[in-house]
>>> print(open('coords11.cif').read())   # mmCIF, C-alpha atoms
data_start
loop_
_atom_site.group_PDB
_atom_site.id
_atom_site.type_symbol
_atom_site.label_atom_id
_atom_site.label_comp_id
_atom_site.auth_asym_id
_atom_site.auth_seq_id
_atom_site.Cartn_x
_atom_site.Cartn_y
_atom_site.Cartn_z
ATOM 1 C CA MET J 493 18.285 -12.871 5.931
ATOM 2 C CA THR J 494 16.859 -15.759 3.979
ATOM 3 C CA LEU J 495 14.174 -15.376 1.311
ATOM 4 C CA VAL J 496 11.468 -16.477 3.748
ATOM 5 C CA GLU J 497 12.679 -13.952 6.324
ATOM 6 C CA HIS J 498 12.539 -11.213 3.667
ATOM 7 C CA LEU J 499 8.940 -12.201 2.882
ATOM 8 C CA TYR J 500 8.028 -12.054 6.582
ATOM 9 C CA GLU J 501 9.685 -8.648 6.800
ATOM 10 C CA LEU J 502 7.744 -7.462 3.734
ATOM 11 C CA ARG J 503 4.477 -8.699 5.228
ATOM 12 C CA TYR J 504 5.174 -6.853 8.478
ATOM 13 C CA ARG J 505 6.063 -3.590 6.702
ATOM 14 C CA LEU J 506 2.987 -3.774 4.463
ATOM 15 C CA GLY J 507 0.787 -4.513 7.466
ATOM 16 C CA VAL J 508 2.041 -1.485 9.395
ATOM 17 C CA ALA J 509 1.635 0.727 6.318
ATOM 18 C CA MET J 510 -1.942 -0.471 5.736
ATOM 19 C CA VAL J 511 -2.857 0.111 9.383
ATOM 20 C CA ALA J 512 -1.462 3.648 9.125
ATOM 21 C CA VAL J 513 -3.519 4.341 5.987
ATOM 22 C CA VAL J 514 -6.678 2.980 7.642
ATOM 23 C CA ILE J 515 -6.132 5.132 10.743
ATOM 24 C CA GLY J 516 -5.549 8.146 8.504
ATOM 25 C CA GLY J 517 -8.695 7.242 6.556
ATOM 26 C CA ILE J 518 -10.749 7.235 9.760
ATOM 27 C CA PHE J 519 -9.371 10.678 10.590
ATOM 28 C CA GLY J 520 -10.127 11.908 7.056
ATOM 29 C CA PHE J 521 -13.667 10.486 7.253
ATOM 30 C CA TRP J 522 -14.229 12.414 10.487
ATOM 31 C CA TRP J 523 -12.546 15.568 9.163
ATOM 32 C CA PHE J 524 -14.871 15.606 6.129
ATOM 33 C CA ALA J 525 -17.746 16.943 8.256
ATOM 34 C CA ASN J 526 -15.917 18.320 11.316
ATOM 35 C CA SER J 527 -13.509 21.202 11.779
ATOM 36 C CA ALA J 528 -10.188 20.425 13.456
ATOM 37 C CA PHE J 529 -7.820 22.919 15.137
ATOM 38 C CA GLY J 530 -9.487 25.878 13.459
ATOM 39 C CA VAL J 531 -9.052 24.363 9.984
ATOM 40 C CA PRO J 532 -12.215 24.247 7.825
ATOM 41 C CA THR J 533 -13.836 20.904 7.247
ATOM 42 C CA LEU J 534 -12.526 18.766 4.423
ATOM 43 C CA GLY J 535 -15.909 19.041 2.699
ATOM 44 C CA ASP J 536 -15.683 22.835 2.729
ATOM 45 C CA LEU J 537 -12.166 22.715 1.312
ATOM 46 C CA LEU J 538 -13.250 20.446 -1.524
ATOM 47 C CA LEU J 539 -16.343 22.540 -2.246
ATOM 48 C CA GLY J 540 -14.308 25.765 -2.303
ATOM 49 C CA PRO J 541 -13.488 25.725 -6.052
ATOM 50 C CA TYR J 542 -17.077 24.837 -6.987
ATOM 51 C CA CYS J 543 -18.574 27.445 -4.669
ATOM 52 C CA SER J 544 -16.285 30.101 -6.146
ATOM 53 C CA LEU J 545 -18.439 30.015 -9.298
ATOM 54 C CA PRO J 546 -20.993 32.810 -9.610
ATOM 55 C CA ALA J 547 -24.239 31.990 -7.813
ATOM 56 C CA GLU J 548 -26.269 32.109 -11.027
ATOM 57 C CA MET J 549 -24.054 29.416 -12.608
ATOM 58 C CA ARG J 550 -24.327 26.737 -9.901
ATOM 59 C CA LEU J 551 -26.953 24.962 -7.869
ATOM 60 C CA SER J 552 -27.668 26.748 -4.588
ATOM 61 C CA PRO J 553 -30.753 25.242 -2.897
ATOM 62 C CA ASN J 554 -31.764 26.986 0.312
ATOM 63 C CA GLY J 555 -29.140 29.622 -0.382
ATOM 64 C CA HIS J 556 -26.246 27.194 0.242
ATOM 65 C CA CYS J 557 -23.663 25.887 -2.211
ATOM 66 C CA GLN J 558 -24.253 22.132 -2.425
ATOM 67 C CA LEU J 559 -23.600 19.143 -4.685
ATOM 68 C CA LEU J 560 -26.138 16.579 -5.862
ATOM 69 C CA GLN J 561 -26.511 13.085 -4.473
ATOM 70 C CA THR J 562 -28.187 10.836 -7.050
ATOM 71 C CA LYS J 563 -27.561 7.397 -5.495
ATOM 72 C CA PRO J 564 -28.184 5.921 -2.045
ATOM 73 C CA PHE J 565 -25.121 6.000 0.188
ATOM 74 C CA GLU J 566 -23.210 7.981 -2.443
ATOM 75 C CA VAL J 567 -22.059 10.503 0.142
ATOM 76 C CA PHE J 568 -20.825 7.734 2.443
ATOM 77 C CA MET J 569 -18.687 6.210 -0.296
ATOM 78 C CA LEU J 570 -17.349 9.636 -1.272
ATOM 79 C CA ARG J 571 -16.413 10.419 2.321
ATOM 80 C CA LEU J 572 -14.703 7.043 2.572
ATOM 81 C CA LYS J 573 -12.756 7.610 -0.667
ATOM 82 C CA VAL J 574 -11.710 11.122 0.289
ATOM 83 C CA GLY J 575 -10.873 10.024 3.822
ATOM 84 C CA LEU J 576 -8.568 7.243 2.637
ATOM 85 C CA SER J 577 -6.880 9.598 0.159
ATOM 86 C CA VAL J 578 -6.292 12.226 2.830
ATOM 87 C CA GLY J 579 -5.180 9.583 5.323
ATOM 88 C CA ALA J 580 -2.583 8.278 2.879
ATOM 89 C CA VAL J 581 -1.225 11.820 2.500
ATOM 90 C CA VAL J 582 -1.358 12.848 6.176
ATOM 91 C CA LEU J 583 0.311 9.671 7.424
ATOM 92 C CA SER J 584 2.641 9.319 4.443
ATOM 93 C CA PRO J 585 5.729 9.589 6.730
ATOM 94 C CA VAL J 586 4.668 6.327 8.396
ATOM 95 C CA TRP J 587 4.296 4.176 5.281
ATOM 96 C CA LEU J 588 7.223 5.894 3.560
ATOM 97 C CA TYR J 589 9.350 4.984 6.587
ATOM 98 C CA GLN J 590 8.196 1.372 6.318
ATOM 99 C CA LEU J 591 9.209 1.328 2.666
ATOM 100 C CA TRP J 592 12.501 2.957 3.565
ATOM 101 C CA ALA J 593 13.173 0.464 6.387
ATOM 102 C CA PHE J 594 12.582 -2.458 4.021
ATOM 103 C CA ILE J 595 14.914 -1.368 1.216
ATOM 104 C CA THR J 596 17.638 0.306 3.332
ATOM 105 C CA PRO J 597 19.549 -2.898 4.268
ATOM 106 C CA GLY J 598 20.199 -3.557 0.575
ATOM 107 C CA LEU J 599 21.637 -0.103 -0.199
ATOM 108 C CA LEU J 600 25.116 1.309 0.039
ATOM 109 C CA ASP J 601 25.796 4.427 2.118
ATOM 110 C CA LYS J 602 25.881 6.642 -0.989
ATOM 111 C CA GLU J 603 22.659 5.091 -2.289
ATOM 112 C CA ARG J 604 20.955 5.619 1.077
ATOM 113 C CA LYS J 605 21.842 9.314 0.948
ATOM 114 C CA PHE J 606 20.381 9.663 -2.544
ATOM 115 C CA ALA J 607 17.255 7.670 -1.651
ATOM 116 C CA ARG J 608 16.637 9.760 1.483
ATOM 117 C CA MET J 609 16.969 12.971 -0.534
ATOM 118 C CA PHE J 610 14.707 11.530 -3.248
ATOM 119 C CA VAL J 611 11.917 10.670 -0.773
ATOM 120 C CA PHE J 612 12.116 14.101 0.879
ATOM 121 C CA CYS J 613 12.080 16.042 -2.399
ATOM 122 C CA ALA J 614 9.370 13.806 -3.883
ATOM 123 C CA SER J 615 7.062 14.529 -0.937
ATOM 124 C CA LEU J 616 7.573 18.287 -1.222
ATOM 125 C CA LEU J 617 7.044 18.273 -4.987
ATOM 126 C CA PHE J 618 3.870 16.193 -4.720
ATOM 127 C CA VAL J 619 2.390 18.588 -2.153
ATOM 128 C CA ALA J 620 3.414 21.593 -4.278
ATOM 129 C CA GLY J 621 1.714 20.088 -7.331
ATOM 130 C CA ALA J 622 -1.462 19.322 -5.395
ATOM 131 C CA VAL J 623 -1.594 22.877 -4.000
ATOM 132 C CA LEU J 624 -1.174 24.346 -7.479
ATOM 133 C CA ALA J 625 -3.958 22.097 -8.806
ATOM 134 C CA TYR J 626 -6.287 23.251 -6.017
ATOM 135 C CA PHE J 627 -5.914 26.880 -7.116
ATOM 136 C CA VAL J 628 -6.237 25.962 -10.793
ATOM 137 C CA VAL J 629 -9.544 24.083 -10.374
ATOM 138 C CA PRO J 630 -11.734 27.230 -10.019
ATOM 139 C CA GLN J 631 -10.328 28.774 -13.191
ATOM 140 C CA GLY J 632 -10.857 25.560 -15.108
ATOM 141 C CA LEU J 633 -14.443 25.239 -13.869
ATOM 142 C CA LYS J 634 -15.266 28.830 -14.800
ATOM 143 C CA PHE J 635 -13.941 28.268 -18.290
ATOM 144 C CA MET J 636 -15.842 25.004 -18.822
ATOM 145 C CA VAL J 637 -19.197 26.183 -17.478
ATOM 146 C CA GLY J 638 -18.951 29.514 -19.289
ATOM 147 C CA PHE J 639 -19.811 27.962 -22.659
ATOM 148 C CA GLY J 640 -23.481 27.806 -21.720
ATOM 149 C CA GLY J 641 -23.751 31.530 -21.125
ATOM 150 C CA GLY J 642 -26.846 32.380 -19.090
ATOM 151 C CA SER J 643 -28.891 29.449 -20.405
ATOM 152 C CA PHE J 644 -27.434 26.820 -18.053
ATOM 153 C CA PHE J 645 -26.377 26.454 -14.467
ATOM 154 C CA THR J 646 -23.939 23.833 -13.198
ATOM 155 C CA ALA J 647 -25.477 21.158 -10.951
ATOM 156 C CA LEU J 648 -22.579 18.743 -10.480
ATOM 157 C CA THR J 649 -23.038 15.441 -8.700
ATOM 158 C CA GLY J 650 -20.801 14.779 -5.753
ATOM 159 C CA GLY J 651 -19.137 11.808 -7.435
ATOM 160 C CA ASP J 652 -18.305 13.605 -10.679
ATOM 161 C CA TYR J 653 -16.971 16.721 -9.000
ATOM 162 C CA ILE J 654 -14.890 15.055 -6.276
ATOM 163 C CA ASN J 655 -13.450 12.540 -8.732
ATOM 164 C CA PHE J 656 -12.490 15.437 -11.006
ATOM 165 C CA VAL J 657 -10.747 17.275 -8.160
ATOM 166 C CA LEU J 658 -8.947 14.183 -6.825
ATOM 167 C CA VAL J 659 -7.738 13.158 -10.286
ATOM 168 C CA LEU J 660 -6.462 16.687 -10.963
ATOM 169 C CA LEU J 661 -4.637 16.800 -7.619
ATOM 170 C CA LEU J 662 -3.099 13.397 -8.307
ATOM 171 C CA ILE J 663 -2.009 14.277 -11.851
ATOM 172 C CA PHE J 664 -0.391 17.544 -10.780
ATOM 173 C CA GLY J 665 1.321 15.884 -7.819
ATOM 174 C CA VAL J 666 2.723 12.973 -9.828
ATOM 175 C CA SER J 667 3.712 15.205 -12.761
ATOM 176 C CA PHE J 668 5.873 17.311 -10.467
ATOM 177 C CA GLU J 669 8.033 14.223 -9.886
ATOM 178 C CA LEU J 670 9.203 14.076 -13.529
ATOM 179 C CA PRO J 671 12.043 16.651 -13.193
ATOM 180 C CA LEU J 672 13.191 14.890 -10.024
ATOM 181 C CA VAL J 673 13.514 11.654 -11.994
ATOM 182 C CA LEU J 674 15.818 13.444 -14.450
ATOM 183 C CA VAL J 675 18.015 14.666 -11.599
ATOM 184 C CA MET J 676 18.248 11.198 -10.049
ATOM 185 C CA LEU J 677 19.167 9.681 -13.428
ATOM 186 C CA ASN J 678 21.897 12.281 -13.726
ATOM 187 C CA MET J 679 23.152 11.542 -10.204
ATOM 188 C CA ALA J 680 23.296 7.854 -11.105
ATOM 189 C CA GLY J 681 25.400 8.608 -14.199
ATOM 190 C CA ILE J 682 22.739 7.450 -16.665
ATOM 191 C CA LEU J 683 21.751 10.825 -18.125
ATOM 192 C CA SER J 684 24.226 13.671 -18.601
ATOM 193 C CA TYR J 685 23.619 17.392 -18.811
ATOM 194 C CA ALA J 686 24.979 17.416 -22.376
ATOM 195 C CA LYS J 687 22.217 15.073 -23.505
ATOM 196 C CA LEU J 688 19.550 17.085 -21.686
ATOM 197 C CA LYS J 689 20.820 20.262 -23.310
ATOM 198 C CA SER J 690 20.627 18.685 -26.763
ATOM 199 C CA TRP J 691 17.107 17.390 -26.081
ATOM 200 C CA TRP J 692 15.621 20.436 -24.340
ATOM 201 C CA ARG J 693 13.444 21.627 -27.253
ATOM 202 C CA GLY J 694 11.879 18.215 -27.720
ATOM 203 C CA LEU J 695 11.423 17.762 -23.967
ATOM 204 C CA VAL J 696 9.657 21.127 -23.586
ATOM 205 C CA PHE J 697 7.336 20.237 -26.467
ATOM 206 C CA ALA J 698 6.712 16.832 -24.856
ATOM 207 C CA LEU J 699 5.835 18.528 -21.554
ATOM 208 C CA PHE J 700 3.182 20.670 -23.259
ATOM 209 C CA VAL J 701 1.760 17.606 -25.035
ATOM 210 C CA PHE J 702 1.735 15.691 -21.762
ATOM 211 C CA ALA J 703 -0.047 18.560 -19.977
ATOM 212 C CA ALA J 704 -2.673 18.750 -22.741
ATOM 213 C CA VAL J 705 -3.364 15.007 -22.535
ATOM 214 C CA ALA J 706 -3.102 14.546 -18.768
ATOM 215 C CA THR J 707 -5.384 17.328 -17.523
ATOM 216 C CA PRO J 708 -8.884 15.822 -17.180
ATOM 217 C CA GLY J 709 -10.835 19.018 -17.813
ATOM 218 C CA GLN J 710 -9.114 19.801 -21.134
ATOM 219 C CA ASP J 711 -9.298 23.510 -20.295
ATOM 220 C CA PRO J 712 -6.411 25.811 -21.268
ATOM 221 C CA PHE J 713 -5.868 27.098 -17.709
ATOM 222 C CA SER J 714 -5.071 23.670 -16.267
ATOM 223 C CA MET J 715 -2.928 22.750 -19.259
ATOM 224 C CA LEU J 716 -0.907 25.984 -19.252
ATOM 225 C CA ALA J 717 -0.472 25.937 -15.465
ATOM 226 C CA LEU J 718 0.816 22.356 -15.505
ATOM 227 C CA ALA J 719 3.022 22.870 -18.572
ATOM 228 C CA GLY J 720 4.461 26.140 -17.239
ATOM 229 C CA ALA J 721 5.241 24.626 -13.835
ATOM 230 C CA LEU J 722 6.857 21.569 -15.432
ATOM 231 C CA CYS J 723 8.991 23.740 -17.717
ATOM 232 C CA LEU J 724 10.167 25.765 -14.713
ATOM 233 C CA LEU J 725 11.015 22.600 -12.793
ATOM 234 C CA PHE J 726 12.741 21.215 -15.887
ATOM 235 C CA ALA J 727 14.936 24.324 -16.062
ATOM 236 C CA ILE J 728 15.841 23.904 -12.376
ATOM 237 C CA ALA J 729 16.608 20.221 -12.980
ATOM 238 C CA MET J 730 18.915 21.142 -15.885
ATOM 239 C CA ALA J 731 20.751 23.653 -13.678
ATOM 240 C CA ILE J 732 21.258 20.986 -10.998
ATOM 241 C CA CYS J 733 22.495 18.481 -13.600
ATOM 242 C CA ARG J 734 24.892 21.067 -15.024
ATOM 243 C CA ALA J 735 26.347 21.792 -11.583
ATOM 244 C CA HIS J 736 26.666 18.073 -10.803
ATOM 245 C CA ASP J 737 28.419 17.269 -14.087
ATOM 246 C CA GLY J 738 30.704 20.291 -13.598
ATOM 247 C CA ARG J 739 31.810 19.000 -10.189
ATOM 248 C CA LYS J 740 32.298 15.536 -11.663
ATOM 249 C CA GLN J 741 34.422 16.915 -14.495
ATOM 250 C CA LYS J 742 36.613 18.809 -12.007
ATOM 251 C CA LYS J 743 37.217 15.593 -10.078
ATOM 252 C CA LEU J 744 38.255 13.866 -13.306
ATOM 253 C CA ALA J 745 40.603 16.742 -14.108
ATOM 254 C CA ALA J 746 42.144 16.560 -10.638
ATOM 255 C CA ALA J 747 42.773 12.850 -11.178
ATOM 256 C CA GLY J 748 44.382 13.499 -14.578
ATOM 257 C CA LEU J 749 41.447 12.053 -16.502
ATOM 258 C CA GLU J 750 40.112 15.281 -18.015
ATOM 259 C CA GLU J 751 40.338 13.789 -21.520
ATOM 260 C CA VAL J 752 37.799 11.121 -20.569
ATOM 261 C CA GLY J 753 34.249 12.386 -21.176
ATOM 262 C CA LEU J 754 31.408 11.739 -18.798
ATOM 263 C CA ASP J 755 29.685 9.550 -21.391
ATOM 264 C CA GLU J 756 32.792 7.719 -22.592
ATOM 265 C CA PRO J 757 33.986 4.401 -21.159
ATOM 266 C CA SER J 758 37.470 4.150 -19.754
ATOM 267 C CA LYS J 759 40.123 2.976 -22.191
ATOM 268 C CA ILE J 760 41.396 -0.532 -21.467
ATOM 269 C CA ASP J 761 44.744 -1.891 -22.630
ATOM 270 C CA TYR J 762 44.026 -5.349 -24.017
ATOM 271 C CA ARG J 763 47.704 -6.256 -24.639
ATOM 272 C CA PRO J 764 48.899 -9.145 -22.466
ATOM 273 C CA SER J 765 51.432 -8.238 -19.821
ATOM 274 C CA ARG J 766 54.875 -9.824 -19.649
ATOM 275 C CA LEU J 767 55.487 -12.665 -17.243
ATOM 276 C CA ASP J 768 58.024 -12.148 -14.485
ATOM 277 C CA THR J 769 60.368 -15.126 -15.016
ATOM 278 C CA THR J 770 63.131 -13.966 -12.665
ATOM 279 C CA SER J 771 61.324 -15.081 -9.523
ATOM 280 C CA SER J 772 60.568 -18.509 -10.991
ATOM 281 C CA GLN J 773 64.199 -19.000 -12.086
ATOM 282 C CA GLY J 774 65.416 -18.030 -8.633
ATOM 283 C CA SER J 775 63.116 -20.579 -7.012
ATOM 284 C CA HIS J 776 64.366 -23.332 -9.386
ATOM 285 C CA GLN J 777 67.962 -22.514 -8.551
ATOM 286 C CA HIS J 778 67.136 -22.642 -4.845
ATOM 287 C CA ASP J 779 65.536 -26.077 -5.288
ATOM 288 C CA ASP J 780 68.617 -27.370 -7.166
ATOM 289 C CA ALA J 781 70.880 -26.114 -4.427
ATOM 290 C CA THR J 782 68.908 -27.909 -1.771
#
>>> encode(input="coords11.cif", output="structure tokens")
Amino acid sequence: MTLVEHLYELRYRLGVAMVAVVIGGIFGFWWFANSAFGVPTLGDLLLGPYCSLPAEMRLSPNGHCQLLQTKPFEVFMLRLKVGLSVGAVVLSPVWLYQLWAFITPGLLDKERKFARMFVFCASLLFVAGAVLAYFVVPQGLKFMVGFGGGSFFTALTGGDYINFVLVLLLIFGVSFELPLVLVMLNMAGILSYAKLKSWWRGLVFALFVFAAVATPGQDPFSMLALAGALCLLFAIAMAICRAHDGRKQKKLAAAGLEEVGLDEPSKIDYRPSRLDTTSSQGSHQHDDAT
């Protein structure tokens, strides 16, 4: 394919992905206020952490747990934002396939296997992080609103609350990809288990610092939940890297290269080789004879 053909292919793939996200956004917009297949509405799911607060600590007009709307059409824009976010997640196989179909022709068979495994594991880890964040939100809210004691109640606006929840879901989901990146770097031969083992104390400390900075609520529950989950995933990633490097070392030993470390370049003999002059002399003698 020429460069222009690649650009046409990219435009087609991006177009299909955008159409999929828009269709998913329409479904998410409808799901926000309507129940589907026995599943609660998306609005009820988002309000769940806020409504789990004690009734005396939140706004409950008419006996119902509700958020505030302080601007015209604020609810419409929130439904549109949530709908597009949910649509991107629900129809992620479609746009991930488009991305996969665009980059696959330029990959080797081994690279395609790794990329397919990476996409599959990345999707599962992102969903796992988002689910953990959803269960952490109520604990974080209780901690933050508890400073006022009985003198205040929490009347959150729809925009502030939903943005807080979406950002927390996104941060947890993306953060769960970090250990997977370490594994892929190890598979590619860039990062060895020996280096990870020598860095593990600093990496664990960095994970706690990252969790403290990344969590938007700055409450200890969100920070400890994210840091603990990342440390567990980091330990699993180290075990996978150790097993991979062990298999690689056994292959080197079977090939008689056990003295060559995983991080050491192969030794090259820079001495010039001798020229084979016998064949050239034979050809000269043959020419003289003829």
>>> closest_residue(input="coords11.cif", among="J:Thr533, J:Gln741, J:Thr562, J:Ser577", to="J:Ile518", atoms="only C-alpha atoms")
J:Ser577
>>> resolve_selection(input="coords11.cif", expression="the PyMOL selection byres ((chain J and resi 663-678) around 10)", output="ChimeraX atom specification")
/J:606-607,609-610,613-626,657-662,679-685,688,699,702-703,706-708,714,717-719,721-734,736-737
>>> closest_residue(input="coords11.cif", among="J:Leu506, J:Val514, J:Leu559, J:Val701", to="J:Leu591", atoms="all atoms listed in the file")
J:Leu506
>>> closest_residue(input="coords11.cif", among="J:Gly738, J:Pro541, J:Gly720, J:Pro764", to="J:Phe656", atoms="all atoms listed in the file")
J:Pro541
>>> residues_around(input="coords11.cif", residues="J:Asp711", least_positions_apart="5", cutoff="10 Å", atoms="all atoms listed in the file", output="PyMOL selection string")
chain J and resi 629+631-636+704+716
>>> closest_residue(input="coords11.cif", among="J:Phe612, J:Phe519, J:Phe529, J:Trp587", to="J:Gly575", atoms="only C-alpha atoms")
J:Phe519
>>> atom_distance(input="coords11.cif", atom1="atom CA of J:Gly516", atom2="atom CA of J:Arg503")
19.9 Å
>>> atom_distance(input="coords11.cif", atom1="atom CA of J:Met569", atom2="atom CA of J:Leu534")
14.8 Å
>>> atom_distance(input="coords11.cif", atom1="atom CA of J:Leu495", atom2="atom CA of J:Pro597")
13.9 Å
>>> closest_residue(input="coords11.cif", among="J:Ala525, J:Val513, J:Lys687, J:Tyr653", to="J:Cys543", atoms="all atoms listed in the file")
J:Tyr653
>>> closest_residue(input="coords11.cif", among="J:Val611, J:Val531, J:Ala686, J:Ala747", to="J:Ser584", atoms="all atoms listed in the file")
J:Val611
>>> axis_aligned_box(input="coords11.cif", around="stretch 711-722 of chain J", padding_each_side="4 Å", output="lines of an AutoDock Vina configuration file")
center_x = -1.2
center_y = 24.3
center_z = -17.6
size_x = 24.2
size_y = 13.5
size_z = 15.4
>>> residues_around(input="coords11.cif", residues="J:Gly517", least_positions_apart="5", cutoff="9 Å", atoms="only C-alpha atoms", output="number ranges by chain")
J: 512, 522, 572-580
>>> decode(input="coords11.cif", residues="stretch 664-672 of chain J", atoms="all heavy atoms", output="PDB file, in the first residue's frame")
ATOM      1  N   PHE J 664      -8.702   4.763  37.893  1.00  0.00           N
ATOM      2  CA  PHE J 664      -8.507   3.384  38.331  1.00  0.00           C
ATOM      3  C   PHE J 664      -8.320   2.462  37.128  1.00  0.00           C
ATOM      4  O   PHE J 664      -7.463   1.566  37.145  1.00  0.00           O
ATOM      5  CB  PHE J 664      -9.704   2.928  39.166  1.00  0.00           C
ATOM      6  CG  PHE J 664      -9.547   3.188  40.641  1.00  0.00           C
ATOM      7  CD1 PHE J 664      -9.505   4.480  41.127  1.00  0.00           C
ATOM      8  CD2 PHE J 664      -9.456   2.141  41.535  1.00  0.00           C
ATOM      9  CE1 PHE J 664      -9.367   4.730  42.482  1.00  0.00           C
ATOM     10  CE2 PHE J 664      -9.313   2.370  42.892  1.00  0.00           C
ATOM     11  CZ  PHE J 664      -9.268   3.678  43.365  1.00  0.00           C
ATOM     12  N   GLY J 665      -9.132   2.658  36.092  1.00  0.00           N
ATOM     13  CA  GLY J 665      -9.019   1.795  34.916  1.00  0.00           C
ATOM     14  C   GLY J 665      -7.679   1.922  34.222  1.00  0.00           C
ATOM     15  O   GLY J 665      -7.045   0.916  33.877  1.00  0.00           O
ATOM     16  N   VAL J 666      -7.214   3.152  34.018  1.00  0.00           N
ATOM     17  CA  VAL J 666      -5.932   3.367  33.346  1.00  0.00           C
ATOM     18  C   VAL J 666      -4.773   2.910  34.232  1.00  0.00           C
ATOM     19  O   VAL J 666      -3.785   2.339  33.745  1.00  0.00           O
ATOM     20  CB  VAL J 666      -5.779   4.851  32.954  1.00  0.00           C
ATOM     21  CG1 VAL J 666      -4.382   5.123  32.406  1.00  0.00           C
ATOM     22  CG2 VAL J 666      -6.834   5.244  31.924  1.00  0.00           C
ATOM     23  N   SER J 667      -4.873   3.142  35.536  1.00  0.00           N
ATOM     24  CA  SER J 667      -3.789   2.751  36.443  1.00  0.00           C
ATOM     25  C   SER J 667      -3.583   1.247  36.448  1.00  0.00           C
ATOM     26  O   SER J 667      -2.445   0.770  36.634  1.00  0.00           O
ATOM     27  CB  SER J 667      -4.093   3.237  37.863  1.00  0.00           C
ATOM     28  OG  SER J 667      -4.213   4.639  37.906  1.00  0.00           O
ATOM     29  N   PHE J 668      -4.628   0.490  36.246  1.00  0.00           N
ATOM     30  CA  PHE J 668      -4.500  -0.966  36.232  1.00  0.00           C
ATOM     31  C   PHE J 668      -3.722  -1.461  35.018  1.00  0.00           C
ATOM     32  O   PHE J 668      -3.376  -2.659  34.957  1.00  0.00           O
ATOM     33  CB  PHE J 668      -5.885  -1.616  36.270  1.00  0.00           C
ATOM     34  CG  PHE J 668      -6.405  -1.874  37.660  1.00  0.00           C
ATOM     35  CD1 PHE J 668      -6.312  -0.896  38.638  1.00  0.00           C
ATOM     36  CD2 PHE J 668      -6.995  -3.083  37.993  1.00  0.00           C
ATOM     37  CE1 PHE J 668      -6.781  -1.121  39.920  1.00  0.00           C
ATOM     38  CE2 PHE J 668      -7.467  -3.317  39.273  1.00  0.00           C
ATOM     39  CZ  PHE J 668      -7.348  -2.337  40.238  1.00  0.00           C
ATOM     40  N   GLU J 669      -3.455  -0.589  34.049  1.00  0.00           N
ATOM     41  CA  GLU J 669      -2.679  -0.989  32.882  1.00  0.00           C
ATOM     42  C   GLU J 669      -1.173  -0.935  33.145  1.00  0.00           C
ATOM     43  O   GLU J 669      -0.393  -1.491  32.368  1.00  0.00           O
ATOM     44  CB  GLU J 669      -3.003  -0.077  31.690  1.00  0.00           C
ATOM     45  CG  GLU J 669      -4.472   0.134  31.418  1.00  0.00           C
ATOM     46  CD  GLU J 669      -5.190  -1.123  30.966  1.00  0.00           C
ATOM     47  OE1 GLU J 669      -4.497  -2.056  30.521  1.00  0.00           O
ATOM     48  OE2 GLU J 669      -6.424  -1.182  31.063  1.00  0.00           O
ATOM     49  N   LEU J 670      -0.740  -0.251  34.212  1.00  0.00           N
ATOM     50  CA  LEU J 670       0.692  -0.072  34.450  1.00  0.00           C
ATOM     51  C   LEU J 670       1.434  -1.402  34.608  1.00  0.00           C
ATOM     52  O   LEU J 670       2.495  -1.598  33.988  1.00  0.00           O
ATOM     53  CB  LEU J 670       0.904   0.815  35.688  1.00  0.00           C
ATOM     54  CG  LEU J 670       0.403   2.261  35.558  1.00  0.00           C
ATOM     55  CD1 LEU J 670       0.623   3.012  36.871  1.00  0.00           C
ATOM     56  CD2 LEU J 670       1.112   2.975  34.422  1.00  0.00           C
ATOM     57  N   PRO J 671       0.966  -2.362  35.420  1.00  0.00           N
ATOM     58  CA  PRO J 671       1.685  -3.639  35.499  1.00  0.00           C
ATOM     59  C   PRO J 671       1.726  -4.385  34.166  1.00  0.00           C
ATOM     60  O   PRO J 671       2.706  -5.081  33.872  1.00  0.00           O
ATOM     61  CB  PRO J 671       0.892  -4.432  36.555  1.00  0.00           C
ATOM     62  CG  PRO J 671       0.201  -3.386  37.366  1.00  0.00           C
ATOM     63  CD  PRO J 671      -0.146  -2.307  36.393  1.00  0.00           C
ATOM     64  N   LEU J 672       0.679  -4.222  33.352  1.00  0.00           N
ATOM     65  CA  LEU J 672       0.679  -4.875  32.046  1.00  0.00           C
ATOM     66  C   LEU J 672       1.770  -4.308  31.149  1.00  0.00           C
ATOM     67  O   LEU J 672       2.396  -5.036  30.364  1.00  0.00           O
ATOM     68  CB  LEU J 672      -0.691  -4.712  31.388  1.00  0.00           C
ATOM     69  CG  LEU J 672      -0.872  -5.345  30.011  1.00  0.00           C
ATOM     70  CD1 LEU J 672      -0.665  -6.855  30.080  1.00  0.00           C
ATOM     71  CD2 LEU J 672      -2.247  -5.021  29.447  1.00  0.00           C
TER      72      LEU J 672
END
